Amino acid sequence: MEINLEESFQKKIDDEIRIEPRDWMPEKYRKTLLRQISQHAHSEIVGMLPEANWITRAPNLRRKVALLAKVQDEAGHGLYLYSAAETLGMTRDELLEELHSGKAKYSSIFNYPTLSWADMGAIGWLVDGAAIMNQVPLCRVSYGPYARAMVRVCKEESFHQRQGYEIMLTLSNGSEEQKAMAQDALNRWWWPSVMMFGPNDDNSPNSAQSMKWKIKRFSNDDLRQKFIDVSVAQAEILGLTIPDNNLKWNEARGHYDFSTIDWIEFNEVIAGNGPCNKQRLKAIVSAWQNGEWVRDAAVAYAEKQAKKTDNKTIAA
Ligand code: FAQ
């Protein structure tokens, strides 16, 4: 019986039929999705912190409004993704408990500090750019609620990417000092952005099964290469230099060659030892604790409204 269920499940995936919450699914598929979607949701929430750091210091009102809207969008992305994860049988509280206890992972990129205004440009251009490269294929992921959430996420990420690139363009066409700020931000954000795609394919334990289940449509290395290829031309327009002496067009491969990634740094950051891991977790936990009264008030209000509706129903 079990074998037939597995076979018909795989056939649906091969035929590009979406899996929905009430459909039968292998336990491992459910767990893999829960892992990926919750890590993704946590990344959106923790990802608000590096940029929130600059909202009060944005150089003018237009920049402030755009940055506020972007950070608010990230909160929205976290919420759609938590909702998608909940359809797989974990509660919001359980998901958050894993984040707050440090058990759950979130993207390595958000453990780096934002040291200047130019970092807002570099994050939008590179971090959102890498996120789009990885997330557009997720609009076709085999699990319905995740795929549908990703459609809106990707539309918003594309605004974020342009917002960041425009900051970089303004700075790189500005004074010598502004251009130097933009170059410094590129120097610091380039390699962490390249690392966002995860370990090399040979070292990615989840890839083979996720590709078979169409949770992943492209491998970590393929997406990373695509990101590098498009970023080179964008850096040229800015007149900035990507910090990699081995970055060179390879005619035979039809792609840019690049240096070996510092996997020691990557592993340290995902093990909790990056420059800001402790600071990020502390900020997330204290926001949760300080917001307790807001959650309590919202629940009390909802209960009061529900009682009013009940009373009206009885009276009628
Ligand atoms: N950081 O076997 P694989 C954003 C872990 S959202 C930390 O290759 P998989 C928007 C991986 O979880 C950014 N951990 O794993 C924004 C696994 O650990 P586990 C987040 C990483 O899942 C912009 C282990 O290494 N995006 O940026 C990382 O098949 C600006 C082995 O790796 C998503 O989450 C990493 N970089 O592939 C917000 C997209 N890479 O769980 C604010 C959805 C790998 O076995 C501001 N996720 N690991 O203990 C994915 O596409 C995949 O999960 C990958 C990893 C590609 C990230």
# chains A, B, ... in the order shown; residues from 1 in each chain; ligands from 1
call {"tool": "residues_around", "arguments": {"residues": "range 228-235 of chain A", "least_positions_apart": "5", "cutoff": "7 Å", "atoms": "only C-alpha atoms", "output": "list in words"}}
result
Leu240, Thr241, Ile242, His255 and Tyr256 of chain A
call {"tool": "write_last_selection", "arguments": {"atoms": "all heavy atoms", "output": "JSON list (two decimals), in the first residue's frame"}}
result
[["chain", "number", "residue", "atom", "x", "y", "z"],
["A", 240, "LEU", "N", 32.26, 49.85, -10.55],
["A", 240, "LEU", "CA", 32.85, 49.29, -9.32],
["A", 240, "LEU", "C", 33.53, 47.95, -9.65],
["A", 240, "LEU", "O", 33.22, 47.32, -10.66],
["A", 240, "LEU", "CB", 31.76, 49.07, -8.26],
["A", 240, "LEU", "CG", 30.99, 50.32, -7.81],
["A", 240, "LEU", "CD1", 29.91, 49.94, -6.80],
["A", 240, "LEU", "CD2", 31.94, 51.37, -7.20],
["A", 241, "THR", "N", 34.43, 47.55, -8.76],
["A", 241, "THR", "CA", 35.20, 46.32, -9.01],
["A", 241, "THR", "C", 34.80, 45.21, -8.04],
["A", 241, "THR", "O", 34.85, 45.41, -6.81],
["A", 241, "THR", "CB", 36.72, 46.61, -8.82],
["A", 241, "THR", "OG1", 37.01, 47.77, -9.58],
["A", 241, "THR", "CG2", 37.59, 45.46, -9.26],
["A", 242, "ILE", "N", 34.41, 44.08, -8.59],
["A", 242, "ILE", "CA", 34.07, 42.93, -7.75],
["A", 242, "ILE", "C", 35.37, 42.39, -7.13],
["A", 242, "ILE", "O", 36.37, 42.23, -7.83],
["A", 242, "ILE", "CB", 33.34, 41.86, -8.59],
["A", 242, "ILE", "CG1", 31.94, 42.39, -8.96],
["A", 242, "ILE", "CG2", 33.25, 40.52, -7.85],
["A", 242, "ILE", "CD1", 31.10, 41.49, -9.81],
["A", 255, "HIS", "N", 30.72, 30.99, -19.08],
["A", 255, "HIS", "CA", 30.42, 31.54, -17.75],
["A", 255, "HIS", "C", 31.68, 32.22, -17.21],
["A", 255, "HIS", "O", 32.77, 31.99, -17.71],
["A", 255, "HIS", "CB", 30.05, 30.42, -16.77],
["A", 255, "HIS", "CG", 28.74, 29.79, -17.05],
["A", 255, "HIS", "ND1", 27.54, 30.45, -16.92],
["A", 255, "HIS", "CD2", 28.43, 28.53, -17.46],
["A", 255, "HIS", "CE1", 26.54, 29.62, -17.24],
["A", 255, "HIS", "NE2", 27.05, 28.46, -17.58],
["A", 256, "TYR", "N", 31.49, 33.00, -16.13],
["A", 256, "TYR", "CA", 32.66, 33.57, -15.46],
["A", 256, "TYR", "C", 33.26, 32.53, -14.51],
["A", 256, "TYR", "O", 32.52, 31.86, -13.78],
["A", 256, "TYR", "CB", 32.27, 34.81, -14.65],
["A", 256, "TYR", "CG", 32.14, 36.04, -15.52],
["A", 256, "TYR", "CD1", 30.92, 36.39, -16.07],
["A", 256, "TYR", "CD2", 33.26, 36.82, -15.82],
["A", 256, "TYR", "CE1", 30.79, 37.50, -16.90],
["A", 256, "TYR", "CE2", 33.14, 37.93, -16.65],
["A", 256, "TYR", "CZ", 31.91, 38.25, -17.18],
["A", 256, "TYR", "OH", 31.81, 39.35, -18.01]]
call {"tool": "residues_around", "arguments": {"residues": "Lys31 in chain A", "least_positions_apart": "5", "cutoff": "10 Å", "atoms": "only C-alpha atoms", "output": "MDAnalysis selection string"}}
result
chainID A and resid 26 36:37 88:89
call {"tool": "closest_residue", "arguments": {"among": "A:Arg57, A:Lys216, A:Arg188, A:Arg280", "to": "ligand 1", "atoms": "only C-alpha atoms and all ligand atoms"}}
result
A:Lys216
call {"tool": "select_by_dssp", "arguments": {"residues": "range 85-203 of chain A", "states": "helix (DSSP H, G or I)", "output": "ChimeraX atom specification"}}
result
/A:85-86,92-100,108-111,118-140,144-172,176-195,201-203
call {"tool": "residues_near_ligand", "arguments": {"ligand": "ligand 1", "cutoff": "7 Å", "atoms": "only C-alpha atoms and all ligand atoms", "output": "MDAnalysis selection string"}}
result
chainID A and resid 35:37 39:40 43:44 47:48 74 105:109 123:124 127:128 131 134:135 195:199 204:207 210 216 220 270
call {"tool": "write_last_selection", "arguments": {"atoms": "C-alpha atoms", "output": "tab-separated table (two decimals), in the first residue's frame"}}
result
chain	number	residue	atom	x	y	z
A	35	ARG	CA	12.77	22.73	7.29
A	36	GLN	CA	13.20	24.83	4.17
A	37	ILE	CA	10.08	26.99	4.51
A	39	GLN	CA	14.38	28.57	7.55
A	40	HIS	CA	13.18	30.84	4.77
A	43	SER	CA	15.55	34.55	7.27
A	44	GLU	CA	12.96	37.12	6.25
A	47	GLY	CA	16.73	39.89	7.63
A	48	MET	CA	14.82	42.97	8.79
A	74	GLU	CA	10.25	41.42	4.65
A	105	LYS	CA	18.82	28.02	10.93
A	106	TYR	CA	18.33	31.23	8.98
A	107	SER	CA	20.35	32.59	6.09
A	108	SER	CA	24.05	33.17	6.83
A	109	ILE	CA	23.93	36.57	5.12
A	123	ILE	CA	22.05	44.57	0.30
A	124	GLY	CA	19.28	45.51	-2.13
A	127	VAL	CA	21.33	40.13	-1.28
A	128	ASP	CA	17.91	40.68	-2.85
A	131	ALA	CA	17.39	35.93	-3.23
A	134	ASN	CA	17.09	31.45	-5.83
A	135	GLN	CA	13.41	32.25	-5.29
A	195	MET	CA	27.65	32.07	-0.04
A	196	MET	CA	23.86	32.52	0.24
A	197	PHE	CA	23.36	29.77	-2.35
A	198	GLY	CA	24.66	27.20	0.12
A	199	PRO	CA	27.40	24.56	-0.11
A	204	SER	CA	24.86	19.57	-0.36
A	205	PRO	CA	23.20	16.64	1.46
A	206	ASN	CA	19.61	17.75	0.71
A	207	SER	CA	19.92	18.58	-2.99
A	210	SER	CA	14.85	17.99	-3.15
A	216	LYS	CA	14.61	22.60	-5.86
A	220	ASN	CA	23.10	25.54	-5.56
A	270	ILE	CA	26.04	28.80	10.01
call {"tool": "atom_distance", "arguments": {"atom1": "CA of Leu126 in chain A", "atom2": "CA of Ala283 in chain A"}}
result
24.1 Å
call {"tool": "atom_distance", "arguments": {"atom1": "CA of Asn246 in chain A", "atom2": "CA of Ser259 in chain A"}}
result
5.5 Å
call {"tool": "atom_distance", "arguments": {"atom1": "CA of Ile132 in chain A", "atom2": "CA of Leu223 in chain A"}}
result
10.1 Å
call {"tool": "residues_around", "arguments": {"residues": "Thr56 in chain A", "least_positions_apart": "3", "cutoff": "12 Å", "atoms": "only C-alpha atoms", "output": "PyMOL selection string"}}
result
chain A and resi 51-53+59-61+63-65+67-68+117
call {"tool": "residues_around", "arguments": {"residues": "Glu94 in chain A", "least_positions_apart": "6", "cutoff": "12 Å", "atoms": "only C-alpha atoms", "output": "count of residues only"}}
result
9
call {"tool": "closest_atom_pairs", "arguments": {"of": "range 170-217 of chain A", "to": "range 14-17 of chain A", "cutoff": "9 Å", "atoms": "only C-alpha atoms", "output": "CSV"}}
result
residue,atom,partner,partner_atom,distance
A:Lys212,CA,A:Asp14,CA,8.5
A:Trp213,CA,A:Asp14,CA,8.2
A:Lys214,CA,A:Asp14,CA,8.4
call {"tool": "write_last_selection", "arguments": {"atoms": "N, CA and C atoms", "output": "PDB file, in the first residue's frame"}}
result
ATOM      1  N   LYS A 212      14.518  15.807  -6.885  1.00  0.00           N
ATOM      2  CA  LYS A 212      13.577  14.765  -7.331  1.00  0.00           C
ATOM      3  C   LYS A 212      12.138  15.174  -6.976  1.00  0.00           C
ATOM      4  N   TRP A 213      11.983  15.794  -5.833  1.00  0.00           N
ATOM      5  CA  TRP A 213      10.644  16.220  -5.390  1.00  0.00           C
ATOM      6  C   TRP A 213      10.261  17.603  -5.931  1.00  0.00           C
ATOM      7  N   LYS A 214      11.098  18.179  -6.747  1.00  0.00           N
ATOM      8  CA  LYS A 214      10.859  19.516  -7.324  1.00  0.00           C
ATOM      9  C   LYS A 214      10.629  20.579  -6.249  1.00  0.00           C
TER      10      LYS A 214
END
call {"tool": "residues_around", "arguments": {"residues": "Lys12 in chain A", "least_positions_apart": "5", "cutoff": "12 Å", "atoms": "only C-alpha atoms", "output": "PyMOL selection string"}}
result
chain A and resi 5-7+17-20+23-25+142-143+212-214
call {"tool": "decode", "arguments": {"residues": "range 213-252 of chain A", "atoms": "C-alpha atoms", "output": "mmCIF file, in the first residue's frame"}}
result
data_model
loop_
_atom_site.group_PDB
_atom_site.id
_atom_site.type_symbol
_atom_site.label_atom_id
_atom_site.label_comp_id
_atom_site.auth_asym_id
_atom_site.auth_seq_id
_atom_site.Cartn_x
_atom_site.Cartn_y
_atom_site.Cartn_z
ATOM 1 C CA TRP A 213 10.644 16.220 -5.390
ATOM 2 C CA LYS A 214 10.859 19.516 -7.324
ATOM 3 C CA ILE A 215 11.404 21.484 -4.154
ATOM 4 C CA LYS A 216 14.606 22.596 -5.856
ATOM 5 C CA ARG A 217 14.600 23.131 -9.626
ATOM 6 C CA PHE A 218 18.242 24.193 -9.983
ATOM 7 C CA SER A 219 21.310 23.218 -7.997
ATOM 8 C CA ASN A 220 23.104 25.538 -5.563
ATOM 9 C CA ASP A 221 26.092 25.869 -7.932
ATOM 10 C CA ASP A 222 23.962 26.566 -11.020
ATOM 11 C CA LEU A 223 22.115 29.387 -9.281
ATOM 12 C CA ARG A 224 25.329 30.803 -7.825
ATOM 13 C CA GLN A 225 26.910 30.830 -11.286
ATOM 14 C CA LYS A 226 23.872 32.615 -12.775
ATOM 15 C CA PHE A 227 24.071 35.233 -10.030
ATOM 16 C CA ILE A 228 27.778 35.851 -10.640
ATOM 17 C CA ASP A 229 27.288 36.062 -14.412
ATOM 18 C CA VAL A 230 24.590 38.758 -14.183
ATOM 19 C CA SER A 231 26.316 40.711 -11.404
ATOM 20 C CA VAL A 232 29.521 41.299 -13.390
ATOM 21 C CA ALA A 233 27.752 43.430 -16.018
ATOM 22 C CA GLN A 234 25.850 45.303 -13.293
ATOM 23 C CA ALA A 235 29.115 46.125 -11.461
ATOM 24 C CA GLU A 236 30.593 47.409 -14.735
ATOM 25 C CA ILE A 237 27.709 49.857 -15.188
ATOM 26 C CA LEU A 238 28.360 51.104 -11.647
ATOM 27 C CA GLY A 239 32.086 51.438 -12.381
ATOM 28 C CA LEU A 240 32.850 49.286 -9.320
ATOM 29 C CA THR A 241 35.203 46.324 -9.006
ATOM 30 C CA ILE A 242 34.069 42.932 -7.746
ATOM 31 C CA PRO A 243 36.627 41.828 -5.115
ATOM 32 C CA ASP A 244 37.843 38.686 -6.897
ATOM 33 C CA ASN A 245 41.132 38.628 -8.852
ATOM 34 C CA ASN A 246 40.181 35.335 -10.494
ATOM 35 C CA LEU A 247 36.913 36.597 -11.938
ATOM 36 C CA LYS A 248 37.370 35.950 -15.655
ATOM 37 C CA TRP A 249 35.102 35.093 -18.600
ATOM 38 C CA ASN A 250 35.607 31.472 -19.658
ATOM 39 C CA GLU A 251 34.691 31.194 -23.346
ATOM 40 C CA ALA A 252 34.553 27.397 -23.292
#
